[in-house]
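**Student:** Below is the file work_32.cif, which contains mmCIF, C-alpha atoms.
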```cif
data_run
#
loop_
_atom_site.label_atom_id
_atom_site.label_comp_id
_atom_site.auth_asym_id
_atom_site.auth_seq_id
_atom_site.Cartn_x
_atom_site.Cartn_y
_atom_site.Cartn_z
CA MET A 1 22.41 35.04 -22.56
CA PRO A 2 21.34 31.42 -21.95
CA ARG A 3 19.48 30.79 -18.73
CA PHE A 4 21.60 27.74 -18.00
CA THR A 5 24.41 25.61 -19.43
CA TYR A 6 24.17 21.94 -20.36
CA THR A 7 26.48 19.04 -19.76
CA ARG A 8 26.15 15.31 -20.36
CA PRO A 9 28.50 13.18 -18.24
CA ASP A 10 29.31 9.66 -19.43
CA THR A 11 29.24 8.00 -16.04
CA LEU A 12 27.39 8.16 -12.76
CA SER A 13 30.57 9.00 -10.84
CA GLU A 14 31.23 11.92 -13.17
CA THR A 15 27.66 13.04 -12.48
CA LEU A 16 28.26 12.94 -8.72
CA ARG A 17 31.42 15.01 -9.12
CA LEU A 18 29.47 17.62 -11.06
CA LEU A 19 26.71 17.69 -8.44
CA ALA A 20 29.25 18.14 -5.66
CA ASP A 21 30.69 21.21 -7.39
CA PRO A 22 29.80 24.20 -5.16
CA GLY A 23 30.24 26.60 -8.07
CA HIS A 24 26.98 25.58 -9.72
CA ASN A 25 23.30 25.05 -8.94
CA SER A 26 22.70 21.98 -11.04
CA ARG A 27 19.46 20.28 -12.05
CA LEU A 28 19.33 16.68 -13.24
CA LEU A 29 17.62 15.98 -16.56
CA ALA A 30 16.28 12.49 -17.24
CA GLY A 31 13.04 12.24 -19.25
CA GLY A 32 12.51 15.98 -19.23
CA THR A 33 8.74 15.71 -19.27
CA ASP A 34 8.40 17.51 -15.94
CA LEU A 35 11.43 19.80 -16.16
CA LEU A 36 10.64 21.28 -19.56
CA ILE A 37 7.07 22.07 -18.58
CA ARG A 38 8.26 23.80 -15.43
CA LEU A 39 10.68 25.92 -17.46
CA ARG A 40 7.72 27.47 -19.24
CA HIS A 41 6.29 28.86 -16.03
CA ASP A 42 9.21 29.49 -13.70
CA ALA A 43 12.59 31.03 -14.22
CA PRO A 44 15.08 28.24 -13.52
CA ASN A 45 16.55 28.18 -10.03
CA PHE A 46 19.55 26.38 -11.46
CA ASP A 47 22.33 27.49 -13.76
CA ARG A 48 23.31 24.11 -15.15
CA VAL A 49 21.47 21.06 -16.48
CA ILE A 50 23.15 17.68 -16.09
CA ASP A 51 21.73 15.21 -18.62
CA ILE A 52 21.57 11.72 -17.09
CA SER A 53 19.09 10.34 -19.62
CA ARG A 54 21.65 8.11 -21.30
CA LEU A 55 23.64 6.85 -18.28
CA PRO A 56 23.89 3.06 -18.63
CA GLU A 57 24.20 2.58 -14.84
CA LEU A 58 20.65 3.87 -14.41
CA LYS A 59 19.12 1.56 -17.00
CA ILE A 60 19.25 -1.78 -15.18
CA ILE A 61 16.30 -4.11 -14.67
CA GLU A 62 17.41 -7.28 -12.96
CA GLN A 63 16.72 -9.85 -10.29
CA ALA A 64 19.54 -10.39 -7.79
CA GLY A 65 18.78 -13.12 -5.28
CA ASP A 66 15.51 -12.32 -3.51
CA GLU A 67 15.42 -8.81 -4.79
CA VAL A 68 14.42 -6.96 -7.94
CA ARG A 69 16.47 -3.95 -8.92
CA VAL A 70 15.23 -1.20 -11.26
CA GLY A 71 17.41 1.72 -12.31
CA SER A 72 15.98 5.21 -11.96
CA GLY A 73 16.62 5.96 -15.63
CA VAL A 74 14.38 3.17 -16.91
CA THR A 75 11.63 4.66 -19.08
CA TYR A 76 7.97 3.60 -18.95
CA THR A 77 8.40 1.96 -22.36
CA GLU A 78 11.42 0.00 -21.12
CA MET A 79 9.42 -1.15 -18.09
CA ILE A 80 6.49 -2.22 -20.26
CA ASN A 81 8.84 -4.21 -22.51
CA SER A 82 10.67 -5.94 -19.65
CA PRO A 83 9.86 -9.67 -19.47
CA LEU A 84 11.03 -9.71 -15.84
CA LEU A 85 8.63 -6.98 -14.72
CA GLN A 86 5.82 -8.40 -16.84
CA ARG A 87 6.19 -11.66 -14.98
CA LEU A 88 6.84 -10.42 -11.44
CA THR A 89 4.97 -7.10 -11.18
CA PRO A 90 2.12 -6.94 -13.71
CA PHE A 91 0.45 -4.04 -11.87
CA LEU A 92 3.57 -1.93 -12.28
CA ILE A 93 3.29 -2.57 -16.03
CA GLN A 94 -0.42 -1.67 -15.89
CA ALA A 95 0.54 1.60 -14.24
CA ALA A 96 3.30 2.37 -16.74
CA ARG A 97 0.97 1.65 -19.67
CA GLN A 98 -1.45 4.33 -18.49
CA VAL A 99 1.05 7.15 -18.12
CA GLY A 100 0.55 9.83 -20.78
CA GLY A 101 0.87 8.63 -24.35
CA PRO A 102 3.61 6.87 -26.34
CA GLN A 103 5.84 9.95 -26.56
CA ILE A 104 5.78 10.55 -22.80
CA ARG A 105 6.35 6.85 -22.10
CA ASN A 106 9.38 6.79 -24.40
CA GLN A 107 10.99 9.67 -22.52
CA GLY A 108 9.71 9.66 -18.93
CA THR A 109 11.50 7.63 -16.29
CA ILE A 110 10.47 5.78 -13.15
CA GLY A 111 13.04 7.81 -11.19
CA GLY A 112 11.62 11.07 -12.44
CA ASN A 113 8.12 10.04 -11.38
CA ILE A 114 9.38 9.26 -7.87
CA VAL A 115 11.57 12.31 -7.36
CA ASN A 116 9.04 14.70 -8.90
CA ALA A 117 6.54 13.17 -6.45
CA ALA A 118 3.41 14.68 -7.94
CA GLY A 119 0.26 14.12 -5.87
CA GLY A 120 -1.06 11.73 -8.51
CA ALA A 121 2.27 10.08 -9.34
CA ASP A 122 1.41 6.73 -10.91
CA MET A 123 4.48 4.79 -9.87
CA LEU A 124 4.17 5.46 -6.14
CA PRO A 125 1.19 3.27 -5.12
CA PRO A 126 2.46 0.04 -6.74
CA LEU A 127 6.00 0.67 -5.51
CA VAL A 128 4.71 1.29 -1.98
CA CYS A 129 2.79 -2.01 -2.18
CA LEU A 130 6.05 -3.67 -3.23
CA ASP A 131 7.85 -2.17 -0.18
CA ALA A 132 10.35 -0.46 -2.45
CA THR A 133 13.59 0.95 -1.07
CA LEU A 134 15.25 3.88 -2.83
CA HIS A 135 19.02 4.04 -3.22
CA LEU A 136 20.50 7.50 -3.32
CA VAL A 137 24.11 8.20 -4.17
CA SER A 138 26.32 11.26 -3.91
CA ALA A 139 30.00 12.06 -3.73
CA ARG A 140 29.59 11.68 0.05
CA GLY A 141 28.41 8.08 -0.17
CA GLU A 142 25.21 6.09 -0.48
CA ARG A 143 22.04 5.79 1.53
CA ALA A 144 18.87 3.75 1.36
CA ILE A 145 15.43 4.99 2.33
CA ALA A 146 12.00 3.34 2.27
CA LEU A 147 9.79 4.93 -0.37
CA PRO A 148 7.00 6.11 1.99
CA ASP A 149 9.61 7.89 4.12
CA PHE A 150 11.15 9.58 1.09
CA ILE A 151 8.12 11.68 0.20
CA LEU A 152 7.44 14.68 2.42
CA HIS A 153 4.36 15.92 0.60
CA PRO A 154 3.45 16.41 -3.06
CA GLN A 155 6.46 17.64 -5.03
CA ARG A 156 8.74 17.55 -2.04
CA THR A 157 11.09 14.70 -1.16
CA HIS A 158 14.09 14.11 1.07
CA ILE A 159 16.55 14.09 -1.82
CA ARG A 160 19.55 16.34 -1.26
CA ARG A 161 21.07 18.74 -3.77
CA ASP A 162 24.07 16.56 -4.51
CA GLU A 163 22.20 13.25 -4.72
CA VAL A 164 21.09 11.08 -7.59
CA LEU A 165 18.38 8.46 -7.18
CA SER A 166 20.35 5.57 -8.62
CA HIS A 167 17.93 2.67 -8.38
CA LEU A 168 15.17 1.12 -6.36
CA THR A 169 14.91 -2.40 -4.97
CA PHE A 170 12.02 -4.47 -3.70
CA PRO A 171 11.63 -8.07 -2.52
CA THR A 172 10.51 -10.46 -5.21
CA PRO A 173 6.76 -10.90 -4.73
CA PRO A 174 5.82 -14.41 -3.53
CA PRO A 175 4.71 -16.77 -6.29
CA GLY A 176 0.98 -16.89 -6.89
CA VAL A 177 0.41 -13.32 -5.68
CA ARG A 178 -1.83 -11.28 -8.00
CA SER A 179 -1.66 -7.52 -8.40
CA ILE A 180 -3.82 -4.75 -9.78
CA PHE A 181 -3.52 -1.05 -10.60
CA ILE A 182 -6.67 0.96 -11.22
CA LYS A 183 -6.41 4.54 -12.45
CA LEU A 184 -9.13 7.13 -12.71
CA GLY A 185 -8.36 10.16 -14.83
CA ARG A 186 -10.38 12.74 -16.70
CA GLN A 187 -9.87 10.68 -19.87
CA ARG A 188 -8.60 7.25 -20.73
CA THR A 189 -5.10 8.28 -21.83
CA SER A 190 -2.80 11.29 -21.44
CA ALA A 191 -4.45 12.07 -18.10
CA ILE A 192 -3.14 12.94 -14.68
CA SER A 193 -4.47 10.46 -12.15
CA ARG A 194 -7.37 11.72 -10.05
CA LEU A 195 -7.56 8.54 -8.00
CA ILE A 196 -5.47 5.37 -7.93
CA VAL A 197 -5.84 2.02 -6.22
CA ALA A 198 -2.94 -0.43 -6.18
CA ALA A 199 -3.17 -3.81 -4.47
CA MET A 200 -1.48 -7.19 -4.24
CA GLY A 201 -2.96 -10.33 -2.76
CA GLY A 202 -2.57 -14.05 -2.35
CA LEU A 203 -4.50 -16.93 -0.76
CA ASP A 204 -3.21 -19.83 1.31
CA ALA A 205 -4.16 -23.47 0.73
CA SER A 206 -7.39 -23.10 2.72
CA GLY A 207 -8.50 -20.15 0.60
CA ARG A 208 -7.85 -17.44 3.18
CA ILE A 209 -6.00 -14.25 2.35
CA ASP A 210 -2.42 -14.68 3.51
CA PHE A 211 -0.83 -11.82 1.58
CA ILE A 212 -2.30 -8.37 1.09
CA ARG A 213 -0.90 -4.99 0.19
CA PHE A 214 -3.13 -2.00 -0.41
CA ALA A 215 -2.09 1.54 -1.32
CA PRO A 216 -4.33 4.16 -2.92
CA GLY A 217 -2.87 7.16 -4.72
CA ALA A 218 -3.88 10.78 -5.24
CA VAL A 219 -5.99 10.65 -2.06
CA THR A 220 -3.57 11.39 0.77
CA PRO A 221 -0.65 13.84 1.13
CA ARG A 222 1.82 10.95 1.23
CA VAL A 223 1.36 7.60 -0.47
CA GLN A 224 1.33 4.78 2.06
CA ARG A 225 -0.06 1.33 2.62
CA PHE A 226 -3.44 1.40 4.38
CA GLU A 227 -2.60 -1.17 7.03
CA GLU A 228 -6.06 -0.91 8.61
CA VAL A 229 -7.52 -2.16 5.33
CA GLU A 230 -4.89 -4.88 5.04
CA ASN A 231 -5.51 -6.08 8.63
CA LEU A 232 -9.23 -6.30 7.92
CA LEU A 233 -8.49 -8.74 5.09
CA LEU A 234 -5.54 -10.77 6.36
CA GLY A 235 -6.52 -14.28 7.47
CA GLU A 236 -10.07 -13.87 6.15
CA PHE A 237 -11.91 -15.50 3.26
CA PRO A 238 -12.39 -13.21 0.27
CA THR A 239 -16.12 -12.41 0.24
CA PRO A 240 -18.12 -9.48 -1.13
CA GLU A 241 -19.12 -8.53 2.42
CA ARG A 242 -15.49 -8.38 3.51
CA PHE A 243 -14.58 -6.34 0.45
CA ALA A 244 -17.41 -3.92 1.23
CA ARG A 245 -16.04 -3.45 4.75
CA ALA A 246 -12.56 -2.95 3.31
CA GLY A 247 -13.96 -0.27 0.98
CA GLU A 248 -15.57 1.59 3.88
CA GLU A 249 -12.37 1.35 5.88
CA ALA A 250 -10.31 2.69 2.97
CA SER A 251 -12.51 5.79 2.78
CA ARG A 252 -12.40 6.22 6.55
CA VAL A 253 -8.58 6.06 6.58
CA MET A 254 -8.40 8.48 3.66
CA GLN A 255 -10.53 11.01 5.49
CA ALA A 256 -8.48 10.60 8.67
CA LEU A 257 -5.23 11.20 6.77
CA ALA A 258 -6.34 13.82 4.28
CA GLY A 259 -9.00 15.64 6.26
CA ASP A 260 -12.07 17.20 4.72
CA ARG A 261 -11.34 18.55 1.26
CA TRP A 262 -13.35 19.93 -1.60
CA SER A 263 -12.76 16.59 -3.33
CA SER A 264 -13.95 14.46 -0.39
CA PRO A 265 -17.61 14.12 -1.53
CA TYR A 266 -16.24 12.68 -4.78
CA LYS A 267 -13.29 10.64 -3.53
CA THR A 268 -15.03 9.03 -0.56
CA PRO A 269 -17.54 6.90 -2.50
CA VAL A 270 -15.17 6.43 -5.44
CA LEU A 271 -12.32 5.08 -3.31
CA GLN A 272 -14.81 2.75 -1.66
CA THR A 273 -15.98 1.43 -5.03
CA LEU A 274 -12.50 1.08 -6.53
CA THR A 275 -11.29 -0.75 -3.42
CA ILE A 276 -14.04 -3.32 -3.86
CA ARG A 277 -13.29 -3.53 -7.59
CA ALA A 278 -9.56 -4.06 -7.00
CA LEU A 279 -10.09 -6.76 -4.36
CA THR A 280 -12.67 -8.52 -6.52
CA GLN A 281 -10.15 -8.69 -9.34
CA ILE A 282 -7.22 -10.07 -7.38
CA PHE A 283 -9.14 -12.54 -5.23
CA PRO A 284 -11.24 -15.05 -7.11
CA THR A 285 -14.42 -15.47 -4.98
CA MET B 1 27.31 25.20 -27.83
CA GLN B 2 27.98 22.91 -30.77
CA ILE B 3 25.45 20.18 -31.42
CA ASN B 4 26.13 17.34 -33.89
CA PHE B 5 23.40 15.02 -35.11
CA THR B 6 21.84 13.39 -38.15
CA LEU B 7 18.65 14.97 -39.42
CA ASN B 8 16.70 13.10 -42.10
CA ASN B 9 19.90 11.32 -43.14
CA THR B 10 21.90 14.55 -43.35
CA PRO B 11 24.73 15.32 -40.88
CA ILE B 12 24.17 18.58 -39.02
CA VAL B 13 26.69 20.64 -37.09
CA ILE B 14 25.14 23.67 -35.48
CA ASP B 15 25.96 26.20 -32.82
CA ALA B 16 22.95 26.93 -30.64
CA PRO B 17 22.05 28.04 -27.10
CA PRO B 18 21.76 25.13 -24.66
CA ASP B 19 18.54 26.35 -23.06
CA ILE B 20 16.19 26.07 -26.04
CA SER B 21 13.98 23.09 -26.81
CA LEU B 22 14.74 20.73 -29.67
CA LEU B 23 11.50 21.98 -31.23
CA THR B 24 12.85 25.53 -31.27
CA LEU B 25 16.18 24.34 -32.66
CA LEU B 26 14.45 22.51 -35.51
CA ARG B 27 11.94 25.20 -36.41
CA GLU B 28 13.80 28.43 -35.80
CA HIS B 29 17.47 27.54 -36.20
CA LEU B 30 17.20 24.93 -38.94
CA GLY B 31 14.02 25.99 -40.72
CA VAL B 32 12.48 22.54 -40.31
CA THR B 33 8.94 23.81 -39.93
CA GLY B 34 7.12 20.55 -40.65
CA VAL B 35 7.54 19.96 -36.91
CA LYS B 36 4.67 21.96 -35.40
CA ASP B 37 4.41 23.89 -32.15
CA GLY B 38 0.92 23.04 -30.90
CA CYS B 39 1.10 23.30 -27.12
CA ASP B 40 4.75 23.32 -26.04
CA VAL B 41 3.90 21.16 -23.02
CA GLY B 42 4.03 17.65 -24.46
CA GLU B 43 0.27 17.09 -24.69
CA CYS B 44 -0.67 17.49 -28.36
CA GLY B 45 2.04 15.57 -30.20
CA ALA B 46 2.19 18.05 -33.11
CA CYS B 47 5.94 18.38 -32.45
CA SER B 48 6.55 14.62 -32.58
CA ILE B 49 9.77 13.37 -34.13
CA LEU B 50 11.52 10.01 -34.26
CA LEU B 51 14.65 10.10 -32.11
CA ASP B 52 16.75 7.01 -32.85
CA GLY B 53 13.49 5.46 -34.06
CA MET B 54 11.55 6.39 -30.89
CA LEU B 55 8.49 8.65 -31.01
CA VAL B 56 9.07 11.65 -28.72
CA ASN B 57 7.83 15.23 -28.28
CA SER B 58 10.56 17.59 -29.46
CA CYS B 59 9.15 20.31 -27.20
CA GLN B 60 10.07 18.16 -24.22
CA LEU B 61 13.74 17.79 -25.15
CA LEU B 62 16.52 20.33 -24.84
CA ALA B 63 18.37 21.05 -28.10
CA PRO B 64 21.70 19.61 -26.84
CA GLN B 65 19.97 16.27 -26.25
CA ALA B 66 19.99 15.77 -30.04
CA ASP B 67 23.77 15.39 -29.91
CA GLY B 68 24.97 12.14 -31.46
CA ARG B 69 21.47 11.05 -32.39
CA ASN B 70 19.44 10.22 -35.46
CA ILE B 71 16.37 12.40 -35.96
CA LEU B 72 13.55 11.89 -38.42
CA THR B 73 10.99 14.61 -39.05
CA ILE B 74 8.13 14.67 -41.55
CA GLU B 75 10.47 16.26 -44.07
CA GLY B 76 12.32 12.95 -44.13
CA VAL B 77 9.21 10.89 -44.83
CA HIS B 78 8.86 10.37 -48.60
CA ASP B 79 9.51 7.70 -51.19
CA GLU B 80 12.70 7.50 -53.30
CA SER B 81 11.35 9.92 -55.89
CA GLY B 82 10.39 12.46 -53.23
CA GLY B 83 6.69 11.70 -53.49
CA PRO B 84 4.37 10.43 -50.74
CA THR B 85 4.95 7.10 -48.99
CA ASP B 86 2.19 4.51 -48.87
CA LEU B 87 1.11 5.79 -45.44
CA GLN B 88 0.93 9.38 -46.67
CA ARG B 89 -1.04 8.26 -49.73
CA HIS B 90 -3.55 6.42 -47.52
CA PHE B 91 -3.93 9.50 -45.32
CA ILE B 92 -4.89 11.50 -48.41
CA GLU B 93 -7.15 8.80 -49.87
CA GLN B 94 -8.96 8.11 -46.59
CA GLY B 95 -9.74 11.78 -45.99
CA ALA B 96 -7.53 11.87 -42.91
CA VAL B 97 -6.14 15.32 -43.71
CA GLN B 98 -8.27 18.42 -43.04
CA CYS B 99 -6.32 21.41 -41.78
CA GLY B 100 -3.15 19.34 -41.83
CA PHE B 101 -1.63 20.66 -38.61
CA CYS B 102 -1.60 17.34 -36.72
CA ILE B 103 -0.57 15.31 -39.74
CA PRO B 104 3.24 15.38 -39.43
CA GLY B 105 2.93 14.03 -35.88
CA MET B 106 0.27 11.51 -36.88
CA ILE B 107 2.38 10.18 -39.75
CA LEU B 108 5.39 9.71 -37.49
CA ALA B 109 3.24 8.07 -34.81
CA GLY B 110 1.81 5.77 -37.48
CA GLU B 111 5.27 4.85 -38.77
CA ALA B 112 6.53 4.25 -35.23
CA LEU B 113 3.59 1.92 -34.58
CA LEU B 114 3.98 -0.06 -37.80
CA ALA B 115 7.70 -0.49 -37.20
CA GLU B 116 6.91 -2.23 -33.93
CA ASN B 117 3.56 -3.84 -34.75
CA PRO B 118 2.97 -4.45 -38.45
CA ASN B 119 -0.50 -5.91 -37.78
CA PRO B 120 -2.26 -3.62 -35.33
CA ASP B 121 -5.99 -3.79 -34.70
CA ARG B 122 -7.95 -0.53 -34.42
CA GLU B 123 -7.55 -0.40 -30.64
CA ALA B 124 -3.78 -0.73 -30.93
CA ILE B 125 -3.77 2.04 -33.53
CA ALA B 126 -5.84 4.32 -31.30
CA GLU B 127 -3.49 3.64 -28.39
CA ALA B 128 -0.50 4.45 -30.56
CA LEU B 129 -2.09 7.81 -31.39
CA ALA B 130 -2.96 8.63 -27.76
CA GLY B 131 -0.27 11.32 -27.66
CA ASN B 132 -1.43 13.04 -30.86
CA LEU B 133 -4.44 15.37 -30.85
CA CYS B 134 -6.55 16.25 -33.91
CA ARG B 135 -9.18 18.97 -33.73
CA CYS B 136 -10.68 18.39 -37.16
CA THR B 137 -11.24 14.80 -38.13
CA GLY B 138 -12.51 12.88 -35.12
CA TYR B 139 -9.62 10.43 -35.71
CA ILE B 140 -11.59 7.75 -37.53
CA GLN B 141 -10.11 8.44 -40.96
CA ILE B 142 -6.62 8.59 -39.44
CA VAL B 143 -7.10 5.14 -37.92
CA ASP B 144 -8.52 3.96 -41.27
CA ALA B 145 -5.43 5.22 -43.09
CA ILE B 146 -2.99 3.45 -40.77
CA GLU B 147 -5.07 0.28 -40.90
CA ALA B 148 -5.19 0.35 -44.69
CA THR B 149 -1.43 0.85 -44.86
CA ALA B 150 -0.79 -2.07 -42.53
CA ARG B 151 -3.08 -4.28 -44.59
CA GLU B 152 -1.42 -3.27 -47.85
CA ARG B 153 2.08 -3.86 -46.46
CA GLN B 154 1.10 -7.25 -45.13
CA ALA B 155 -0.43 -8.18 -48.50
CA ARG B 156 2.74 -7.06 -50.28
CA SER B 157 4.94 -9.15 -48.01
CA GLY B 158 2.58 -12.11 -48.34
CA GLN B 159 1.56 -12.30 -44.69
CA GLY B 160 -2.05 -12.17 -43.61
CA GLY B 161 -3.71 -12.42 -40.21
CA ARG B 162 -4.49 -9.97 -37.44
CA SER B 163 -3.07 -9.29 -34.02
#
```
Take the structure in the file and write it out as structure tokens.
**Tutor:**
Amino acid sequence: MPRFTYTRPDTLSETLRLLADPGHNSRLLAGGTDLLIRLRHDAPNFDRVIDISRLPELKIIEQAGDEVRVGSGVTYTEMINSPLLQRLTPFLIQAARQVGGPQIRNQGTIGGNIVNAAGGADMLPPLVCLDATLHLVSARGERAIALPDFILHPQRTHIRRDEVLSHLTFPTPPPGVRSIFIKLGRQRTSAISRLIVAAMGGLDASGRIDFIRFAPGAVTPRVQRFEEVENLLLGEFPTPERFARAGEEASRVMQALAGDRWSSPYKTPVLQTLTIRALTQIFPT
Amino acid sequence: MQINFTLNNTPIVIDAPPDISLLTLLREHLGVTGVKDGCDVGECGACSILLDGMLVNSCQLLAPQADGRNILTIEGVHDESGGPTDLQRHFIEQGAVQCGFCIPGMILAGEALLAENPNPDREAIAEALAGNLCRCTGYIQIVDAIEATARERQARSGQGGRS
């Protein structure tokens, strides 16, 4: 007796109809790299799998006006190979390159990373820096939600049973802005992130920082921009002393948000150091 | 449910439960045991196959996801006479095969790399093998074998140079 049935709709609207069906507890299948692992440990709390891995509507990568749009079904490999993302969001490519190995990158999707919302999810810090908005659709309609508001805590989001994350959007980063993604894992590849720093920055004509986004990952219950760190840098010249202060502030904010944990003696100095490293790389001093 | 796909250039029509992995379908329902079950959680790459030319872990796919697709396993990797390909020959000659368990996945990862990058340097090769674990060799001979194959293929097609 199979634990669940399988269906593969051809369109997004067919998918929404299936999800709205009260006769089934359905689970969406995209890359499968989280779902199939979970099936080893837990009996499924669903009776039907809906395969959305080949839906063309979820595979878009495009610029529309001032905005970039990325479909939830785009795989890490597709992101890495996208000339648009390579040009506009190099740190998102850096992040995608460091997820798992080639097999995982060929299957896993950006949408899956967001909705699975693991504590060390690699896509979240750069997308939070980019001020990404998520677009959720269901048979009831559509809604948009800012990424930081979407995550409740690790592995728990505001997505509803009948919803599909269709795509995300973010404003095109201003020209001249540089970005960086630093990942610390137990090994160089195929590792879950233990600590992430994502940042974007730009200088005005006088050499002062006029654009800064800073979001660490795997250090707080919810991924968010550390505005205290950003405010410390905005309007200032990029100097080692200022970066050192930013590093201290990052650790202070982490402790305030995450509290004292068994990992704090490790993460406190490491976040400080990686903050300085990230800022040094995006701001030529 | 019925699943239709092409396996090593052969059309397959098979009735199988929807809740098994593609790895289980291949090994236990189709007897294709060159695809190995090393970890079942997508970390070791021993179950790697080419799905429409893309390197993936068959343990991380549900059997019905094979429907309509083109699958290549190690059983499909051979020359016209059924003997080893150049890559397989280099694996043997370079001492890249010890217990042999990782080799099907390594060969497919190597072929996937060379299809996309015919002139990889050693770092690119190592990156391409990041999803395939070997407990015996220490990887150096495997990288040597892929490098030697790339060099030989480039020489045969008259193109030199490194990228």
**Student:** Find the nearest atom pair between each residue of chain B and chain A for residues within 9 Å, count only C-alpha atoms, give distances in Å to one decimal, sort rows by chain and ascending number, and present the table as JSON lines.
**Tutor:**
```
{"residue": "B:Met1", "atom": "CA", "partner": "A:Tyr6", "partner_atom": "CA", "distance": 8.7}
{"residue": "B:Pro17", "atom": "CA", "partner": "A:Pro2", "partner_atom": "CA", "distance": 6.2}
{"residue": "B:Pro18", "atom": "CA", "partner": "A:Tyr6", "partner_atom": "CA", "distance": 5.9}
{"residue": "B:Asp19", "atom": "CA", "partner": "A:Pro2", "partner_atom": "CA", "distance": 5.9}
{"residue": "B:Ile20", "atom": "CA", "partner": "A:Pro2", "partner_atom": "CA", "distance": 8.5}
{"residue": "B:Ser21", "atom": "CA", "partner": "A:Leu36", "partner_atom": "CA", "distance": 8.2}
{"residue": "B:Asp40", "atom": "CA", "partner": "A:Ile37", "partner_atom": "CA", "distance": 7.9}
{"residue": "B:Val41", "atom": "CA", "partner": "A:Ile37", "partner_atom": "CA", "distance": 5.5}
{"residue": "B:Gly42", "atom": "CA", "partner": "A:Thr33", "partner_atom": "CA", "distance": 7.3}
{"residue": "B:Glu43", "atom": "CA", "partner": "A:Ser190", "partner_atom": "CA", "distance": 7.3}
{"residue": "B:Gly45", "atom": "CA", "partner": "A:Gln103", "partner_atom": "CA", "distance": 7.7}
{"residue": "B:Ser48", "atom": "CA", "partner": "A:Gln103", "partner_atom": "CA", "distance": 7.7}
{"residue": "B:Met54", "atom": "CA", "partner": "A:Asn106", "partner_atom": "CA", "distance": 6.9}
{"residue": "B:Leu55", "atom": "CA", "partner": "A:Gln103", "partner_atom": "CA", "distance": 5.3}
{"residue": "B:Val56", "atom": "CA", "partner": "A:Gln103", "partner_atom": "CA", "distance": 4.2}
{"residue": "B:Asn57", "atom": "CA", "partner": "A:Gln103", "partner_atom": "CA", "distance": 5.9}
{"residue": "B:Cys59", "atom": "CA", "partner": "A:Leu36", "partner_atom": "CA", "distance": 7.8}
{"residue": "B:Gln60", "atom": "CA", "partner": "A:Leu36", "partner_atom": "CA", "distance": 5.6}
{"residue": "B:Leu61", "atom": "CA", "partner": "A:Gly32", "partner_atom": "CA", "distance": 6.3}
{"residue": "B:Leu62", "atom": "CA", "partner": "A:Leu36", "partner_atom": "CA", "distance": 8.0}
{"residue": "B:Pro64", "atom": "CA", "partner": "A:Tyr6", "partner_atom": "CA", "distance": 7.3}
{"residue": "B:Gln65", "atom": "CA", "partner": "A:Asp51", "partner_atom": "CA", "distance": 7.9}
{"residue": "B:Ala109", "atom": "CA", "partner": "A:Pro102", "partner_atom": "CA", "distance": 8.6}
{"residue": "B:Glu127", "atom": "CA", "partner": "A:Gly101", "partner_atom": "CA", "distance": 7.8}
{"residue": "B:Ala128", "atom": "CA", "partner": "A:Pro102", "partner_atom": "CA", "distance": 6.4}
{"residue": "B:Leu129", "atom": "CA", "partner": "A:Pro102", "partner_atom": "CA", "distance": 7.7}
{"residue": "B:Ala130", "atom": "CA", "partner": "A:Gly101", "partner_atom": "CA", "distance": 5.1}
{"residue": "B:Gly131", "atom": "CA", "partner": "A:Gly101", "partner_atom": "CA", "distance": 4.4}
{"residue": "B:Asn132", "atom": "CA", "partner": "A:Gly101", "partner_atom": "CA", "distance": 8.2}
```
**Student:** For the provided coordinates, the residues matched by the PyMOL selection byres ((chain B and resi 91) around 12) should be stated as a ChimeraX atom specification.
**Tutor:** /B:84-90,92-98,100,102-104,106-107,110,137,139-149
**Student:** Using CA of Ser179 in chain A and CA of Gln281 in chain A as the two end points, give the distance in Å to one decimal.
**Tutor:**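 It comes out at 8.6 Å.
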**Student:** Could you tell me which of B:Pro120, B:Gly76, B:Gly158, B:Gly138 comes closest to Asn9 in chain B if we count only C-alpha atoms?
**Tutor:** B:Gly76
**Student:** Check what the PyMOL selection byres ((chain A and resi 153) around 10) selects in the file above and give those residues as an MDAnalysis selection string.
**Tutor:** chainID A and resid 117:119 150:152 154:158 220:223
**Student:** Smallest atom-to-atom distance to Gly185 in chain A: which of A:Leu92, A:Val99, A:Ala20, A:Ile110, using only C-alpha atoms?
**Tutor:**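 Nearest candidate to Gly185 in chain A out of A:Leu92, A:Val99, A:Ala20, A:Ile110: A:Val99.
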**Student:** Using the chain letters and numbers from this file, what does the PyMOL selection byres ((chain A and resi 146-149) around 10) select? Give the answer as a PyMOL selection string.
**Tutor:** chain A and resi 114+124-125+127-128+130-135+144-145+150-152+157-158+168-170+222-225
**Student:** Could you work out how far CA of Arg87 in chain A lies from CA of Arg213 in chain A, giving the answer in Å with one decimal?
**Tutor:**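 According to the coordinates, CA of Arg213 in chain A and CA of Arg87 in chain A are separated by 18.0 Å.
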**Student:** Which distance in Å separates CA of Thr268 in chain A and CA of Arg186 in chain A, to one decimal?
**Tutor:**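 Computing the Euclidean distance for CA of Thr268 in chain A and CA of Arg186 in chain A yields 17.2 Å.
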**Student:** Please list as a list of chain:residue names every residue within 12 Å of Ser263 in chain A, counting all atoms listed in the file and excluding residues in the same chain fewer than 6 positions away.
**Tutor:**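 The contact residues come out as A:Arg194, A:Leu195, A:Ala218, A:Val219, A:Thr220, A:Met254, A:Gln255, A:Pro269, A:Val270, A:Leu271.
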**Student:** Write out as number ranges by chain the residues lying within 10 Å of Pro240 in chain A, counting all atoms listed in the file and excluding same-chain residues fewer than 4 positions away.
**Tutor:** A: 244-246, 276, 279-280, 285
